[in-house]
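Undergrad: Just dropping this structure here.
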Amino acid sequence: MGSDAHVIVVARNAPDLLQTARRRLDELERHWSRFRADSEINKLNAAAGRPSAVSPDTLVLVVRAVRGWRASGGLFDPTVHAAMLAHGYDRDLALVRSSTQGQVSARRPSRAPGCGGVEIDLAASTVCLPTGVGLDPGGLGKGLAADLVSGELRQAGARGVLLNVGGDIRVRGVAPDPEGWPITVEHPWRVGAELFRAAVRVGAVVTSSTLRRRWMSAEGEVHHVLDPRTGLPTRGRIVAATVFAASAWRAEVLAKTVLVADDIAAAHTSDAEVCAVTADGQRLASPGLRGWAGS
């Protein structure tokens, strides 16, 4: 996942629970990182049309990935793996940025193949990817990690939990503040500046932006949000999207859908709210957040 994590627990045994959270996040990183040769995701991607046994965590990840792809009509697509490699994002971003400009894959980015051929056997805990299809968990892994670990901390005795994995935030239970968990959304291009604050009692808040994870390729500056229909970085007017939803994995899917569709309506549902910022500073919002858009 290649991200920092911030954990707050309300519990008498908080130090023990924080260590539990660290161990679990490290475990999920080992399973899901595409920058680790021995990760389950890389082994799955290398299986080339053969069923691959995976852990329960990875099975859930793949199920959610396929569900997100279907629900978004393919605008969220975890099979952009080959296109991401073609743009040179084949290792930790800090290493990509420090490498010689233009040293990227000889392959040209192409349309993502989609999840239609992904076979999941829940009983056997196996996944089979068609030959030529690779999964890039990306932000979905961060969101799902926040969901899973926060739930486990509650089951282990925490009265309340806030878990932030690289900007994917999940809150559960009692907050230290009676108004709810204070969530700050950063301004997309003013580093350190606040865009807005919200008090959240339950659920998830996820922000995705095209402005932060950027690097130079042979074709110029690129970013990590790829349009699966082309394999190229999105070029829409929306540069950041924040989604409020019941779960972080789903909020992540919706946030990416907004950036790819360049339209907040593509992700607004009855149980989620969306706000976004355009390159010229305009604020857009779904009905439940219209007050923020006008501020």
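Letters A, B, ... go to the chains of the structure tokens in the order shown; residues in each chain start at 1; ligands are counted from 1 in the same order.
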Using only C-alpha atoms, which protein or nucleic acid residues come within 8 Å of A:Asp262? Drop anything in the same chain fewer than 6 positions from it, and give the result as a list in words.

TA: Gly236, Arg237 and Ile238 of chain A

Undergrad: Grab the residues selected above and save them as a PDB file, in the first residue's frame with C-alpha atoms.

TA:
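selection_5.pdb, freshly written:
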```pdb
ATOM      1  CA  GLY A 236     -10.589  16.005 -16.464  1.00  0.00           C
ATOM      2  CA  ARG A 237     -11.314  19.239 -14.656  1.00  0.00           C
ATOM      3  CA  ILE A 238     -11.886  17.479 -11.296  1.00  0.00           C
TER       4      ILE A 238
END
```

Undergrad: Can you list every residue in stretch 200-275 of chain A that DSSP puts in helix (DSSP H, G or I), as a list in words?

TA: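 Filtering stretch 200-275 of chain A to helix (DSSP H, G or I) leaves Ala248, Trp249, Arg250, Ala251, Glu252, Val253, Leu254, Ala255, Lys256, Thr257, Val258, Leu259, Val260, Ala261, Ile264, Ala265 and Ala266 of chain A.
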
Undergrad: Excluding stretch 116-130 of chain A and any residue of its chain fewer than 5 positions from it, enumerate the residues within 6 Å of it, using only C-alpha atoms, and give them as a compact mmCIF listing (two decimals) with C-alpha atoms, in the first residue's frame.

TA:
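As a result, selection08.txt now contains:
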```
# COMPACT_ATOMS: atom_id res chain seq x y z
CA GLY A 49 -4.49 -18.32 -16.03
CA ARG A 50 -4.01 -20.82 -13.21
CA PRO A 51 -6.01 -20.81 -9.94
CA SER A 52 -3.99 -19.41 -7.07
CA ALA A 53 -4.67 -20.06 -3.38
CA VAL A 54 -4.98 -16.84 -1.41
```

Undergrad: Just the number, please: distance in Å from atom CA of A:Gly281 to atom CA of A:Val200, one decimal.

TA: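 Rounded to one decimal, the two atoms are 24.9 Å apart.
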
Undergrad: When DSSP is applied to the backbone of this structure, which of stretch 32-250 of chain A are assigned strand (DSSP E or B)? Write them out as an MDAnalysis selection string.

TA: chainID A and resid 52:53 119:121 126:128 160:165 168:173 181:186 194:200 203:209 214:217 220:223 226:227 232:233 238:245

Undergrad: Rank A:Leu59, A:Leu140, A:Val274, A:Val165 by their smallest atom-to-atom distance to A:Ser286, using only C-alpha atoms, and report the top residue only.

TA: A:Val274

Undergrad: Set the distance at 9 Å and use only C-alpha atoms: which residues neighbour A:Asn45 once local chain neighbours fewer than 6 positions away are removed? I'd like the list as a VMD selection string.

TA: chain A and resid 129 131 to 135

Undergrad: Go ahead and write the selection's residues with C-alpha atoms as an mmCIF file, in the first residue's frame.

TA:
```
data_model
loop_
_atom_site.group_PDB
_atom_site.id
_atom_site.type_symbol
_atom_site.label_atom_id
_atom_site.label_comp_id
_atom_site.auth_asym_id
_atom_site.auth_seq_id
_atom_site.Cartn_x
_atom_site.Cartn_y
_atom_site.Cartn_z
ATOM 1 C CA LEU A 129 -6.941 -14.289 -13.377
ATOM 2 C CA THR A 131 -3.675 -14.641 -18.878
ATOM 3 C CA GLY A 132 -2.577 -11.057 -19.380
ATOM 4 C CA VAL A 133 -4.695 -9.675 -16.533
ATOM 5 C CA GLY A 134 -3.014 -8.224 -13.451
ATOM 6 C CA LEU A 135 -4.559 -6.636 -10.385
#
```

Undergrad: Mind checking which residues fall within 12 Å of A:Asp26, counting only C-alpha atoms, ignoring those fewer than 5 positions away in the same chain, and posting them as an MDAnalysis selection string?

TA: chainID A and resid 1:5 19:21 31:33 39 142 145 149 165

Undergrad: Using only N, CA and C atoms, please write the residues we just selected to a file, as a PDB file, in the first residue's frame.

TA:
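result-v9.pdb, written as the output of this step:
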```
ATOM      1  N   MET A   1       0.823  -1.208   0.000  1.00  0.00           N
ATOM      2  CA  MET A   1       0.000   0.000   0.000  1.00  0.00           C
ATOM      3  C   MET A   1       0.858   1.261   0.000  1.00  0.00           C
ATOM      4  N   GLY A   2       2.077   1.150   0.567  1.00  0.00           N
ATOM      5  CA  GLY A   2       3.027   2.248   0.492  1.00  0.00           C
ATOM      6  C   GLY A   2       2.540   3.544   1.093  1.00  0.00           C
ATOM      7  N   SER A   3       1.884   3.475   2.258  1.00  0.00           N
ATOM      8  CA  SER A   3       1.312   4.674   2.864  1.00  0.00           C
ATOM      9  C   SER A   3       1.565   4.685   4.362  1.00  0.00           C
ATOM     10  N   ASP A   4       1.486   5.880   4.954  1.00  0.00           N
ATOM     11  CA  ASP A   4       1.518   6.004   6.401  1.00  0.00           C
ATOM     12  C   ASP A   4       0.136   5.692   6.955  1.00  0.00           C
ATOM     13  N   ALA A   5       0.083   5.270   8.213  1.00  0.00           N
ATOM     14  CA  ALA A   5      -1.190   5.001   8.878  1.00  0.00           C
ATOM     15  C   ALA A   5      -1.244   5.763  10.194  1.00  0.00           C
ATOM     16  N   GLN A  19      -0.523  -1.859  18.985  1.00  0.00           N
ATOM     17  CA  GLN A  19       0.436  -2.839  18.476  1.00  0.00           C
ATOM     18  C   GLN A  19      -0.256  -3.864  17.585  1.00  0.00           C
ATOM     19  N   THR A  20      -1.474  -4.246  17.965  1.00  0.00           N
ATOM     20  CA  THR A  20      -2.253  -5.160  17.128  1.00  0.00           C
ATOM     21  C   THR A  20      -2.523  -4.544  15.761  1.00  0.00           C
ATOM     22  N   ALA A  21      -2.880  -3.266  15.766  1.00  0.00           N
ATOM     23  CA  ALA A  21      -3.144  -2.572  14.502  1.00  0.00           C
ATOM     24  C   ALA A  21      -1.898  -2.540  13.629  1.00  0.00           C
ATOM     25  N   HIS A  31       0.719  -8.898   2.094  1.00  0.00           N
ATOM     26  CA  HIS A  31      -0.182  -9.617   1.189  1.00  0.00           C
ATOM     27  C   HIS A  31      -0.439  -8.843  -0.102  1.00  0.00           C
ATOM     28  N   TRP A  32      -0.626  -7.522   0.006  1.00  0.00           N
ATOM     29  CA  TRP A  32      -1.223  -6.757  -1.085  1.00  0.00           C
ATOM     30  C   TRP A  32      -0.282  -5.837  -1.843  1.00  0.00           C
ATOM     31  N   SER A  33       0.916  -5.618  -1.346  1.00  0.00           N
ATOM     32  CA  SER A  33       1.812  -4.679  -2.026  1.00  0.00           C
ATOM     33  C   SER A  33       2.315  -5.255  -3.347  1.00  0.00           C
ATOM     34  N   SER A  39       4.597 -10.934  -2.462  1.00  0.00           N
ATOM     35  CA  SER A  39       3.227 -10.653  -2.026  1.00  0.00           C
ATOM     36  C   SER A  39       2.241 -11.574  -2.731  1.00  0.00           C
ATOM     37  N   LYS A 142      -5.951   0.264   0.602  1.00  0.00           N
ATOM     38  CA  LYS A 142      -5.926   1.163   1.757  1.00  0.00           C
ATOM     39  C   LYS A 142      -7.289   1.224   2.430  1.00  0.00           C
ATOM     40  N   ALA A 145      -8.166  -2.091   4.121  1.00  0.00           N
ATOM     41  CA  ALA A 145      -7.355  -2.257   5.329  1.00  0.00           C
ATOM     42  C   ALA A 145      -7.943  -1.448   6.481  1.00  0.00           C
ATOM     43  N   VAL A 149      -9.202  -3.611   9.759  1.00  0.00           N
ATOM     44  CA  VAL A 149      -8.466  -3.460  11.014  1.00  0.00           C
ATOM     45  C   VAL A 149      -9.282  -2.682  12.041  1.00  0.00           C
ATOM     46  N   VAL A 165      -5.546   5.234   6.714  1.00  0.00           N
ATOM     47  CA  VAL A 165      -4.489   4.584   5.932  1.00  0.00           C
ATOM     48  C   VAL A 165      -4.300   5.378   4.646  1.00  0.00           C
TER      49      VAL A 165
END
```

Undergrad: Need to verify the contact set: A:Gly173, 8 Å, only C-alpha atoms, exclusion of same-chain residues closer than 4 positions in sequence. Can you return it as a short mmCIF file (atom, residue, chain, number, x, y, z; two decimals) with N, CA and C atoms, in the first residue's frame?

TA:
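Wrote it out as result09.cif, contents follow:
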```
data_model
loop_
_atom_site.label_atom_id
_atom_site.label_comp_id
_atom_site.auth_asym_id
_atom_site.auth_seq_id
_atom_site.Cartn_x
_atom_site.Cartn_y
_atom_site.Cartn_z
N ARG A 154 -12.32 -3.02 17.24
CA ARG A 154 -13.57 -2.94 18.01
C ARG A 154 -13.88 -4.30 18.64
N ARG A 159 -13.52 0.84 22.43
CA ARG A 159 -14.84 1.47 22.43
C ARG A 159 -15.01 2.37 21.21
N GLY A 160 -13.90 2.87 20.71
CA GLY A 160 -13.93 3.71 19.52
C GLY A 160 -12.62 3.60 18.76
N VAL A 161 -12.69 3.77 17.44
CA VAL A 161 -11.50 3.66 16.59
C VAL A 161 -11.57 4.67 15.46
N ARG A 201 -19.55 10.61 12.91
CA ARG A 201 -19.84 9.67 13.99
C ARG A 201 -19.57 8.22 13.59
N VAL A 202 -19.82 7.89 12.34
CA VAL A 202 -19.63 6.52 11.88
C VAL A 202 -19.40 6.52 10.38
#
```

Undergrad: I'd like the contact shell of stretch 178-182 of chain A - 8 Å cut-off, only C-alpha atoms, skipping same-chain residues fewer than 5 positions apart - returned as a VMD selection string.

TA: chain A and resid 162 171 197 to 201

Undergrad: Could you check which of A:Leu153, A:Cys115, A:Leu163, A:Leu18 is closest to A:Arg64, using only C-alpha atoms?

TA: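 Answer, going by the shortest atom-to-atom distance: A:Cys115.
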
Undergrad: Quick one: which stretch 257-295 of chain A residues come within 12 Å of stretch 243-253 of chain A, and what is the nearest atom pair for each with the distance in Å to one decimal, counting only C-alpha atoms, rows ordered by chain and ascending number, as CSV?

TA:
```
residue,atom,partner,partner_atom,distance
A:Thr257,CA,A:Val253,CA,6.2
A:Val258,CA,A:Val253,CA,8.8
A:Leu259,CA,A:Val253,CA,10.2
A:Val260,CA,A:Val253,CA,10.7
A:Ile264,CA,A:Val243,CA,9.7
A:Ala265,CA,A:Val243,CA,11.9
A:Ala266,CA,A:Val253,CA,11.1
A:Ala267,CA,A:Val253,CA,8.6
A:His268,CA,A:Val243,CA,8.9
A:Thr269,CA,A:Ala245,CA,9.4
A:Ser270,CA,A:Ala245,CA,9.8
A:Asp271,CA,A:Ala245,CA,6.5
A:Ala272,CA,A:Ala245,CA,4.6
A:Glu273,CA,A:Phe244,CA,5.2
A:Val274,CA,A:Val243,CA,4.6
A:Cys275,CA,A:Val243,CA,6.5
A:Ala276,CA,A:Val243,CA,8.6
A:Leu284,CA,A:Val243,CA,11.9
A:Ala285,CA,A:Val243,CA,9.9
A:Ser286,CA,A:Val243,CA,9.9
A:Gly288,CA,A:Phe244,CA,10.2
A:Leu289,CA,A:Phe244,CA,9.9
```

Undergrad: With only C-alpha atoms as the basis for distance, which of A:Asp16, A:Glu29, A:Glu40, A:Glu186 is at the shortest distance from A:Ala146?

TA: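 Answer, going by the shortest atom-to-atom distance: A:Glu29.
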